[in-house]
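The structure file coords_37.txt is reproduced below (compact mmCIF, C-alpha atoms).
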# COMPACT_ATOMS: atom_id res chain seq x y z
CA MET A 1 168.14 152.02 113.35
CA GLY A 2 166.78 151.62 116.85
CA GLY A 3 168.52 152.38 120.07
CA LYS A 4 167.44 151.29 123.53
CA ASN A 5 164.90 154.09 123.70
CA ASP A 6 163.27 153.09 120.32
CA ARG A 7 159.59 152.03 121.03
CA ARG A 8 159.23 149.89 117.90
CA PRO A 9 158.93 146.18 118.87
CA SER A 10 161.77 143.93 117.94
CA ALA A 11 161.31 141.31 115.19
CA ARG A 12 161.10 138.65 117.88
CA ARG A 13 158.41 140.54 119.76
CA ARG A 14 156.45 141.08 116.55
CA ARG A 15 156.55 137.34 115.79
CA CYS A 16 155.36 136.52 119.31
CA ALA A 17 152.52 139.02 118.98
CA ARG A 18 151.41 137.46 115.70
CA ILE A 19 151.49 134.00 117.26
CA ARG A 20 149.42 135.22 120.24
CA ARG A 21 146.85 136.82 117.91
CA ARG A 22 146.58 133.65 115.81
CA LEU A 23 146.28 131.50 118.91
CA GLY A 24 143.56 133.79 120.25
CA SER A 25 141.64 133.60 116.97
CA PHE A 26 141.95 129.83 116.98
CA LEU A 27 140.68 129.57 120.55
CA LEU A 28 137.78 131.91 119.79
CA ALA A 29 136.79 129.88 116.72
CA PHE A 30 137.07 126.65 118.72
CA CYS A 31 134.83 128.01 121.45
CA MET A 32 132.25 129.14 118.92
CA ILE A 33 132.20 125.73 117.22
CA PHE A 34 132.00 123.93 120.56
CA THR A 35 129.09 126.14 121.62
CA MET A 36 127.26 125.44 118.35
CA LEU A 37 127.76 121.69 118.70
CA GLU A 38 126.62 121.77 122.31
CA ALA A 39 123.43 123.60 121.31
CA ALA A 40 122.66 121.28 118.37
CA PRO A 41 120.17 118.43 118.91
CA ALA A 42 121.86 115.21 119.92
CA THR A 43 119.84 113.31 117.33
CA THR A 44 121.15 115.21 114.29
CA VAL A 45 121.80 112.76 111.46
CA SER A 46 125.00 113.17 109.45
CA ALA A 47 124.85 113.06 105.66
CA ALA A 48 126.71 109.75 105.69
CA SER A 49 124.18 108.03 107.95
CA THR A 50 120.82 108.98 106.53
CA PRO A 51 118.26 106.18 106.04
CA VAL A 52 118.80 106.03 102.27
CA SER A 53 122.60 106.29 102.43
CA LYS A 54 122.65 103.39 104.88
CA HIS A 55 120.07 101.15 103.22
CA GLY A 56 119.85 102.16 99.57
CA GLN A 57 117.20 100.89 97.15
CA LEU A 58 114.43 98.88 98.82
CA SER A 59 112.85 95.82 97.26
CA VAL A 60 110.22 93.27 98.23
CA ASP A 61 111.38 89.86 99.41
CA GLY A 62 108.62 87.56 100.60
CA VAL A 63 106.24 89.70 102.64
CA ASN A 64 108.69 92.45 103.64
CA PHE A 65 110.98 95.17 102.49
CA VAL A 66 114.66 94.40 102.30
CA ASP A 67 117.42 96.94 101.78
CA SER A 68 120.18 96.90 99.19
CA SER A 69 122.17 94.46 101.35
CA GLY A 70 119.24 92.03 101.57
CA ASN A 71 118.47 92.84 105.22
CA ALA A 72 114.90 93.23 106.47
CA PHE A 73 113.91 96.88 106.68
CA GLN A 74 110.94 98.76 108.10
CA LEU A 75 109.67 102.19 107.09
CA ARG A 76 108.40 104.44 109.89
CA GLY A 77 106.59 107.10 107.96
CA ILE A 78 104.42 110.17 108.33
CA SER A 79 101.80 111.11 105.76
CA THR A 80 101.05 114.69 104.84
CA HIS A 81 97.44 115.71 104.74
CA GLY A 82 96.32 116.36 101.15
CA ILE A 83 98.92 118.60 99.54
CA ASN A 84 96.10 120.20 97.53
CA TRP A 85 94.84 121.55 100.89
CA ASP A 86 96.61 124.36 102.75
CA VAL A 87 96.93 122.08 105.80
CA GLY A 88 98.89 119.65 103.66
CA SER A 89 100.98 121.88 101.42
CA THR A 90 102.24 123.96 104.37
CA TYR A 91 104.39 121.09 105.64
CA VAL A 92 105.97 120.09 102.35
CA SER A 93 109.22 121.64 103.47
CA LYS A 94 112.77 120.54 104.08
CA LYS A 95 112.74 121.90 107.63
CA ALA A 96 109.58 119.98 108.51
CA PHE A 97 110.93 116.73 107.09
CA LYS A 98 114.27 117.24 108.85
CA THR A 99 112.49 117.78 112.17
CA LEU A 100 110.66 114.48 111.69
CA ARG A 101 113.85 112.65 110.69
CA ASP A 102 116.11 113.98 113.43
CA GLY A 103 113.63 114.42 116.26
CA TRP A 104 110.97 111.75 115.68
CA GLY A 105 112.82 108.76 114.20
CA VAL A 106 110.93 109.07 110.90
CA ASN A 107 112.66 107.62 107.82
CA ALA A 108 109.96 108.14 105.17
CA ILE A 109 107.41 110.73 104.01
CA ARG A 110 104.14 110.08 102.20
CA LEU A 111 103.05 112.88 99.87
CA SER A 112 99.27 112.59 99.63
CA MET A 113 97.71 114.23 96.59
CA TYR A 114 93.93 113.92 96.42
CA THR A 115 92.51 113.17 93.01
CA GLU A 116 89.00 114.60 93.59
CA ASN A 117 88.47 116.15 97.02
CA CYS A 118 89.11 119.86 97.54
CA ASN A 119 90.37 120.91 94.11
CA GLY A 120 92.17 117.63 93.65
CA TYR A 121 94.33 116.74 90.68
CA CYS A 122 91.34 115.52 88.64
CA SER A 123 88.71 117.95 89.93
CA GLY A 124 89.85 121.46 89.15
CA GLY A 125 93.20 121.60 90.91
CA ASP A 126 96.15 123.16 89.12
CA GLN A 127 97.92 120.06 87.85
CA SER A 128 101.17 121.86 87.09
CA GLU A 129 101.31 123.34 90.59
CA LEU A 130 100.48 120.01 92.22
CA LYS A 131 103.16 118.18 90.23
CA ALA A 132 105.62 120.89 91.19
CA LEU A 133 104.69 120.45 94.86
CA VAL A 134 105.19 116.69 94.59
CA SER A 135 108.59 117.35 93.01
CA LYS A 136 109.54 119.68 95.86
CA GLY A 137 108.54 117.04 98.39
CA VAL A 138 110.60 114.38 96.63
CA LYS A 139 113.58 116.74 96.44
CA TYR A 140 113.43 117.60 100.14
CA ALA A 141 113.15 113.94 101.12
CA THR A 142 115.97 113.01 98.76
CA ASP A 143 118.23 115.79 100.06
CA LEU A 144 117.64 114.46 103.59
CA GLY A 145 118.22 110.84 102.64
CA MET A 146 114.62 109.80 103.38
CA TYR A 147 112.28 107.50 101.49
CA VAL A 148 109.19 109.04 99.93
CA ILE A 149 105.82 107.77 98.70
CA ILE A 150 104.04 109.56 95.87
CA ASP A 151 100.40 108.90 96.76
CA TRP A 152 97.58 109.09 94.16
CA HIS A 153 94.96 109.70 96.83
CA ILE A 154 91.73 108.08 95.62
CA LEU A 155 88.88 108.67 98.08
CA SER A 156 85.52 110.13 97.05
CA ASP A 157 86.08 108.99 93.45
CA GLY A 158 85.97 105.39 94.73
CA ASN A 159 86.82 103.41 91.61
CA PRO A 160 90.34 104.28 90.41
CA ASN A 161 89.32 103.54 86.81
CA GLU A 162 87.31 106.77 86.89
CA HIS A 163 90.53 108.72 86.34
CA ILE A 164 92.75 106.07 84.76
CA THR A 165 93.74 108.33 81.85
CA GLU A 166 95.02 111.00 84.23
CA ALA A 167 96.67 108.36 86.41
CA LYS A 168 98.57 106.88 83.48
CA ALA A 169 99.83 110.29 82.41
CA PHE A 170 100.78 111.28 85.95
CA PHE A 171 102.68 108.12 86.81
CA THR A 172 104.38 108.05 83.41
CA THR A 173 105.71 111.54 84.18
CA MET A 174 106.81 110.53 87.67
CA ALA A 175 108.45 107.29 86.50
CA LYS A 176 110.40 109.10 83.78
CA LYS A 177 111.57 111.71 86.27
CA TYR A 178 112.49 109.40 89.15
CA LYS A 179 113.60 106.22 87.39
CA ASN A 180 117.16 106.65 88.65
CA TYR A 181 116.20 107.53 92.24
CA ASN A 182 116.62 104.89 94.93
CA ASN A 183 114.18 106.35 97.47
CA VAL A 184 110.89 106.85 95.54
CA ILE A 185 107.86 104.58 96.02
CA TYR A 186 104.62 104.85 94.02
CA GLU A 187 101.18 104.39 95.65
CA ILE A 188 98.79 104.15 92.73
CA CYS A 189 95.37 104.25 94.47
CA ASN A 190 94.99 105.22 98.11
CA GLU A 191 91.61 103.85 99.21
CA PRO A 192 89.47 102.30 96.46
CA ASN A 193 85.90 101.88 97.64
CA GLY A 194 82.58 100.85 96.17
CA CYS A 195 84.29 98.70 93.55
CA SER A 196 85.52 95.12 93.24
CA TRP A 197 89.04 93.75 93.52
CA LYS A 198 88.67 92.66 89.90
CA SER A 199 88.17 96.28 88.86
CA ILE A 200 91.04 97.55 91.03
CA LYS A 201 93.32 94.78 89.76
CA SER A 202 92.57 95.70 86.15
CA TYR A 203 93.46 99.34 86.87
CA ALA A 204 96.61 98.38 88.79
CA LYS A 205 97.98 96.24 85.97
CA LYS A 206 97.70 99.14 83.53
CA ILE A 207 99.35 101.65 85.86
CA ILE A 208 102.09 99.21 86.89
CA LYS A 209 102.84 98.60 83.22
CA ALA A 210 103.08 102.36 82.60
CA ILE A 211 105.50 102.80 85.52
CA ARG A 212 107.61 99.76 84.65
CA LYS A 213 108.17 101.06 81.14
CA TYR A 214 110.56 103.57 82.71
CA ASP A 215 111.16 102.64 86.35
CA LYS A 216 112.00 98.95 86.49
CA ASP A 217 112.72 98.54 90.18
CA ALA A 218 110.81 100.97 92.43
CA VAL A 219 108.27 99.51 94.84
CA ILE A 220 104.64 100.04 93.80
CA ILE A 221 101.81 100.00 96.36
CA VAL A 222 98.38 98.80 95.23
CA GLY A 223 95.28 99.91 97.11
CA THR A 224 92.78 97.23 98.11
CA PRO A 225 88.95 97.12 98.32
CA SER A 226 86.85 98.89 100.93
CA TRP A 227 89.24 101.70 101.80
CA SER A 228 92.31 99.43 101.68
CA GLN A 229 91.14 96.62 103.95
CA LEU A 230 92.47 93.75 101.80
CA GLY A 231 88.97 92.77 100.70
CA ALA A 232 85.44 93.95 100.02
CA SER A 233 84.27 93.06 103.52
CA LEU A 234 85.78 92.89 106.97
CA THR A 235 86.15 89.13 106.67
CA SER A 236 87.00 88.66 102.97
CA ASN A 237 90.51 87.81 101.79
CA GLU A 238 90.16 88.15 98.04
CA VAL A 239 93.39 90.10 97.51
CA ALA A 240 95.53 87.49 99.27
CA ASP A 241 93.72 84.75 97.34
CA ASP A 242 94.15 86.46 93.97
CA PRO A 243 97.20 88.76 93.89
CA ILE A 244 98.69 90.45 90.85
CA THR A 245 101.26 88.29 89.09
CA GLY A 246 104.01 88.96 86.57
CA TYR A 247 105.66 91.85 88.41
CA ASP A 248 108.21 92.17 91.20
CA ASN A 249 108.32 94.72 94.01
CA ILE A 250 104.56 95.02 94.45
CA MET A 251 102.99 95.60 97.88
CA TYR A 252 99.36 95.86 98.99
CA SER A 253 97.95 98.46 101.34
CA LEU A 254 96.15 97.90 104.60
CA HIS A 255 94.70 100.95 106.38
CA PHE A 256 93.35 101.05 109.91
CA TYR A 257 92.18 103.57 112.48
CA ALA A 258 92.76 102.51 116.06
CA SER A 259 89.52 103.96 117.45
CA GLU A 260 87.38 101.98 114.98
CA ASP A 261 86.35 98.84 116.88
CA ALA A 262 85.70 96.88 113.69
CA HIS A 263 89.18 97.62 112.38
CA SER A 264 90.83 96.25 115.49
CA GLU A 265 88.47 93.30 115.70
CA TYR A 266 88.73 92.00 112.14
CA LEU A 267 91.72 93.45 110.34
CA PRO A 268 94.49 91.76 112.40
CA ASP A 269 93.13 88.35 111.34
CA LYS A 270 93.01 89.49 107.71
CA LEU A 271 96.60 90.67 107.99
CA ASN A 272 97.71 87.34 109.45
CA TYR A 273 95.92 85.48 106.67
CA ALA A 274 97.58 87.66 104.01
CA LEU A 275 101.03 87.08 105.49
CA GLU A 276 100.44 83.32 105.64
CA LYS A 277 99.55 83.44 101.96
CA GLY A 278 102.76 85.32 101.22
CA LEU A 279 101.12 88.68 100.38
CA PRO A 280 103.46 91.67 100.95
CA VAL A 281 101.51 94.21 103.02
CA ILE A 282 102.29 97.81 103.92
CA VAL A 283 100.22 100.01 106.22
CA SER A 284 100.50 103.09 104.03
CA GLU A 285 98.04 104.92 106.29
CA PHE A 286 96.83 104.56 109.85
CA GLY A 287 95.53 106.84 112.55
CA LEU A 288 94.81 106.77 116.28
CA SER A 289 91.33 108.25 115.87
CA GLU A 290 88.21 107.14 114.07
CA ALA A 291 88.38 106.76 110.29
CA ASP A 292 87.01 110.27 109.65
CA GLY A 293 89.97 111.74 111.54
CA ASN A 294 87.97 112.69 114.62
CA GLY A 295 86.76 111.00 117.79
CA GLU A 296 88.76 109.58 120.67
CA ILE A 297 92.43 108.64 120.50
CA ASP A 298 92.63 104.94 121.35
CA LYS A 299 96.14 104.28 122.67
CA THR A 300 95.28 100.79 123.90
CA SER A 301 94.25 99.65 120.45
CA ALA A 302 97.20 101.48 118.88
CA ASN A 303 99.60 99.68 121.22
CA GLN A 304 98.25 96.33 120.05
CA TRP A 305 98.62 97.35 116.43
CA PHE A 306 102.21 98.46 116.91
CA LYS A 307 103.02 95.21 118.65
CA LEU A 308 101.62 93.23 115.71
CA LEU A 309 103.19 95.35 112.97
CA ASN A 310 106.61 95.43 114.61
CA LYS A 311 106.50 91.68 115.17
CA TYR A 312 106.28 91.15 111.41
CA ASN A 313 108.45 94.15 110.50
CA ILE A 314 105.58 95.74 108.57
CA SER A 315 106.08 99.35 107.50
CA TYR A 316 103.57 102.02 108.53
CA PHE A 317 102.68 105.65 107.84
CA CYS A 318 100.72 107.78 110.29
CA TRP A 319 97.99 110.22 109.19
CA SER A 320 98.60 113.16 109.25
CA LEU A 321 101.16 115.95 109.43
CA SER A 322 98.87 118.96 109.81
CA ASN A 323 97.42 121.41 112.31
CA LYS A 324 93.86 120.76 111.19
CA ASP A 325 91.30 120.79 113.98
CA GLU A 326 90.79 117.05 114.18
CA SER A 327 91.99 114.23 116.43
CA SER A 328 94.26 112.57 113.87
CA SER A 329 96.38 115.70 113.28
CA LEU A 330 99.84 115.39 114.79
CA LEU A 331 100.03 119.09 115.60
CA LYS A 332 97.68 121.04 117.81
CA ALA A 333 95.01 122.98 115.98
CA GLY A 334 96.31 126.39 115.04
CA THR A 335 99.96 125.61 115.74
CA ALA A 336 101.88 128.24 113.77
CA LYS A 337 105.29 126.58 113.69
CA THR A 338 106.00 124.53 110.59
CA SER A 339 109.09 122.74 111.97
CA SER A 340 111.20 122.35 115.13
CA TRP A 341 108.07 121.61 117.15
CA LYS A 342 108.19 121.46 120.93
CA SER A 343 106.05 119.06 122.92
CA SER A 344 103.61 121.90 123.59
CA ASP A 345 103.01 122.18 119.81
CA LEU A 346 101.97 118.54 119.47
CA SER A 347 98.52 117.02 119.75
CA THR A 348 97.84 113.93 121.84
CA ALA A 349 98.37 111.84 118.71
CA GLY A 350 101.58 113.68 117.88
CA LYS A 351 103.13 113.10 121.31
CA TYR A 352 102.21 109.41 121.17
CA ILE A 353 103.58 108.84 117.66
CA LYS A 354 106.84 110.67 118.34
CA LYS A 355 107.44 108.54 121.44
CA LYS A 356 106.57 105.29 119.63
CA TYR A 357 108.73 106.02 116.59
CA LEU A 358 111.76 107.02 118.65
CA ALA A 359 111.42 103.90 120.79
CA ARG A 360 111.28 101.71 117.69
CA GLN A 361 114.31 103.45 116.19
CA GLU A 362 116.27 102.93 119.38
CA LYS A 363 115.35 99.26 119.57
CA LEU A 364 116.36 98.57 115.97
CA GLY A 365 119.64 100.46 116.32
CA ALA A 366 121.81 100.15 113.21
CA ALA A 367 118.99 98.35 111.39
CA ALA A 368 116.84 101.51 111.62
Target encoding structure tokens, full file:
Amino acid sequence: MGGKNDRRPSARRRRCARIRRRLGSFLLAFCMIFTMLEAAPATTVSAASTPVSKHGQLSVDGVNFVDSSGNAFQLRGISTHGINWDVGSTYVSKKAFKTLRDGWGVNAIRLSMYTENCNGYCSGGDQSELKALVSKGVKYATDLGMYVIIDWHILSDGNPNEHITEAKAFFTTMAKKYKNYNNVIYEICNEPNGCSWKSIKSYAKKIIKAIRKYDKDAVIIVGTPSWSQLGASLTSNEVADDPITGYDNIMYSLHFYASEDAHSEYLPDKLNYALEKGLPVIVSEFGLSEADGNGEIDKTSANQWFKLLNKYNISYFCWSLSNKDESSSLLKAGTAKTSSWKSSDLSTAGKYIKKKYLARQEKLGAAA
């Protein structure tokens, strides 16, 4: 029983105190959330608006990609360096991919796995570890709602038939695993060289058949002669004149390096010819340097290429996400950070590509 000198608060005062405490906690929580949102990058992509959630399964219609609604769609991708190299495997990470998606306007990742070079899949590399690394890359891209290319990176082996047994087994495994995914694309031979289109076509038919046994719909990219230049010479058009038939959702690769004069002189005409013939083309690899990854960065030539590719809505993937000491690397040599890069962490090529990709994303708006 309390008299007027009792110091215990009344029931009313106790209720008011509780209300004030709750209100204070609410205001503190609100301020903390507001501060976090203010500090977050303005370009953060919500789970409901990722590239894959917006566009779904891609298919080939005419010469281009279309999304699940039948609208034209363009991939703006970045290629890893070889994931069998330290400079490639380091960036197979969710944080790295998220940085590219949210800060660079990238909607697709290319996972490049060499078949021969540097302990490649068919030349002494640990096949189980490499498949596990591919799986991690696909998972990270899928979690982020990005498209992803699994790249069987033919280079020094030249003729893809040299390792056709391994290729069949590898792509059978991948097709079984990812048959129900709507973001996985298969690139079955990166840059065939020193062999004919007839030989490449024979290989491609066998690998396409192996993939289609399990994955009926995913897009498959076929490499073309002379390091994916649509023909055995700078002026030949044999792929456009004799494409693979009997399968849907097939595209053909064209690779260029902006600082190679011959590439910029001859390949645009070959691309135009292929498009006129109805050949679906994807630039699954390009760089701003010379073809060996070094030399000068040619922004003038690159600008012309972007103008041409964007005109026809052709998808493209830049080489490469690494800090290797070469001109084509998007990060400065020795950069320690593996994500959340600042401008000071980027190479000349990296700064250029980031600016170009963001500008393209902004121009396309909802269609991006």
query = Mind pulling up the distance from atom CA of Ala368 of chain A to atom CA of Ser49 of chain A?
reply =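 For atom CA of Ser49 of chain A relative to atom CA of Ala368 of chain A, the distance reads 10.5 Å.
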Nearest residue to Ser301 of chain A from the set A:Ala141, A:Ala258, A:Ile314, A:Leu330 (distances using all atoms listed in the file) = A:Ala258
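Closest approach to Lys311 of chain A among A:Asn272, A:Gly77, A:Trp227, A:Tyr247: A:Asn272, based on only C-alpha atoms.
Remark: for Asp67 of chain A, the closest of the candidate residues A:Ala169, A:Thr90, A:Lys206, A:Asn183 is A:Asn183 (distances computed over all atoms listed in the file).
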inquiry  = Calculated over only C-alpha atoms, which of the candidates A:Gly105, A:Pro280, A:Gly62, A:Gly82 has the smallest distance to Ala359 of chain A?
reply    =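 For Ala359 of chain A, the nearest of the given residues is A:Gly105.
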task = Have a look at atom CA of Thr245 of chain A and atom CA of His55 of chain A and let me know their distance in Å, one decimal.
result =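 The value is 26.8 Å.
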key: Polymer residues at most 8 Å from Leu267 of chain A, all atoms listed in the file, same-chain spacing of 5 or more positions, as a list in words   = Gln229, Leu234, Thr235, Phe256 and Ala262 of chain A
